[in-house]
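Colleague: Sharing a structure with you now.
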Amino acid sequence: MSVASLVGFGAVVAGLPAFAVVRDWVLAIEGGPLVSLAAATNVLAALTGSASGGLTIALDALGDTYMQLAAAKGIDPALMHRVAVIGSGTLDSLPHNGAVVTLLAVCGSTHRESYLDIVMVGIVGAIIALAVVIVFGTALGSF
């Protein structure tokens, strides 16, 4: 049910006039398609509080565009996929993420007590991994 609601929500978001502005902003980010794809999935995961939600919306709305950019720049689609997946798993761990709220409730903890640990493990670590994949992927191609 949750995943199905993200396909319909994604269609609504992609259909909004403001989404065209966001799409154009993301596609204009310096650094090439890998960096802009990472930014797109990061932003959408942050907004939805869900890696799968952000990835679904990004690829539904922008997937064809990124595949054309990859073909034009000679970027392996597997590398694009890798960047999109890792990018969606970075800012999805913001405080409004359902898994974060559930984890803290189950552990009997609060955001104040434990959220710094979640940021370090779930966000900072993932951003470092994303940067490494983009740097090596740009330098060496898909690996």
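How things are named: the first chain in the structure tokens is A, the next is B, and so on; residues count from 1 in each chain; ligands count from 1 in the order shown.
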Once you count only C-alpha atoms, what closest atom pair and distance in Å to one decimal does each residue of range 63-86 of chain A within 12 Å of range 90-105 of chain A have, with rows by chain and rising residue number, as a Markdown table?
Modeller:
```
| residue | atom | partner | partner_atom | distance |
| --- | --- | --- | --- | --- |
| A:Val83 | CA | A:Thr90 | CA | 11.0 |
| A:Ala84 | CA | A:Thr90 | CA | 10.4 |
| A:Val85 | CA | A:Thr90 | CA | 9.3 |
| A:Ile86 | CA | A:Thr90 | CA | 6.9 |
```
Colleague: Got time to write the residues from that selection, C-alpha atoms, as a short mmCIF file (atom, residue, chain, number, x, y, z; two decimals), in the first residue's frame?
Modeller:
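Saved file out_15.cif follows:
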```
data_model
loop_
_atom_site.label_atom_id
_atom_site.label_comp_id
_atom_site.auth_asym_id
_atom_site.auth_seq_id
_atom_site.Cartn_x
_atom_site.Cartn_y
_atom_site.Cartn_z
CA VAL A 83 24.20 7.08 -7.94
CA ALA A 84 20.40 7.38 -7.88
CA VAL A 85 20.01 4.59 -5.33
CA ILE A 86 22.74 5.84 -3.01
#
```
Colleague: According to DSSP computed on the backbone, where in range 33-137 of chain A is there alpha helix (DSSP H)? Give the residues as a PyMOL selection string.
Modeller: chain A and resi 33-48+51-73+77-88+98-107+111-118+125-137
Colleague: Name all residues at most 12 Å from range 15-27 of chain A (count only C-alpha atoms; drop same-chain ones fewer than 5 positions away) and give them as JSON, numbers by chain.
Modeller: {"A": [8, 9, 10, 32, 33, 34, 35, 36, 37, 38, 39, 40, 41, 42, 43, 44, 57, 58, 59, 60, 61, 62, 63, 65, 66, 69]}
Colleague: Work out how far CA of Gly89 in chain A is from CA of Ala129 in chain A, in Å to one decimal.
Modeller: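 Between these atoms lies a distance of 10.4 Å.
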Colleague: Please indicate the distance in Å from CA of Ala46 in chain A to CA of Asp64 in chain A, rounded to one decimal place.
Modeller: 21.9 Å
Colleague: Using CA of Gly49 in chain A and CA of Arg112 in chain A as the two end points, give the distance in Å to one decimal.
Modeller: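 Atom-to-atom, CA of Gly49 in chain A to CA of Arg112 in chain A, that is 18.4 Å.
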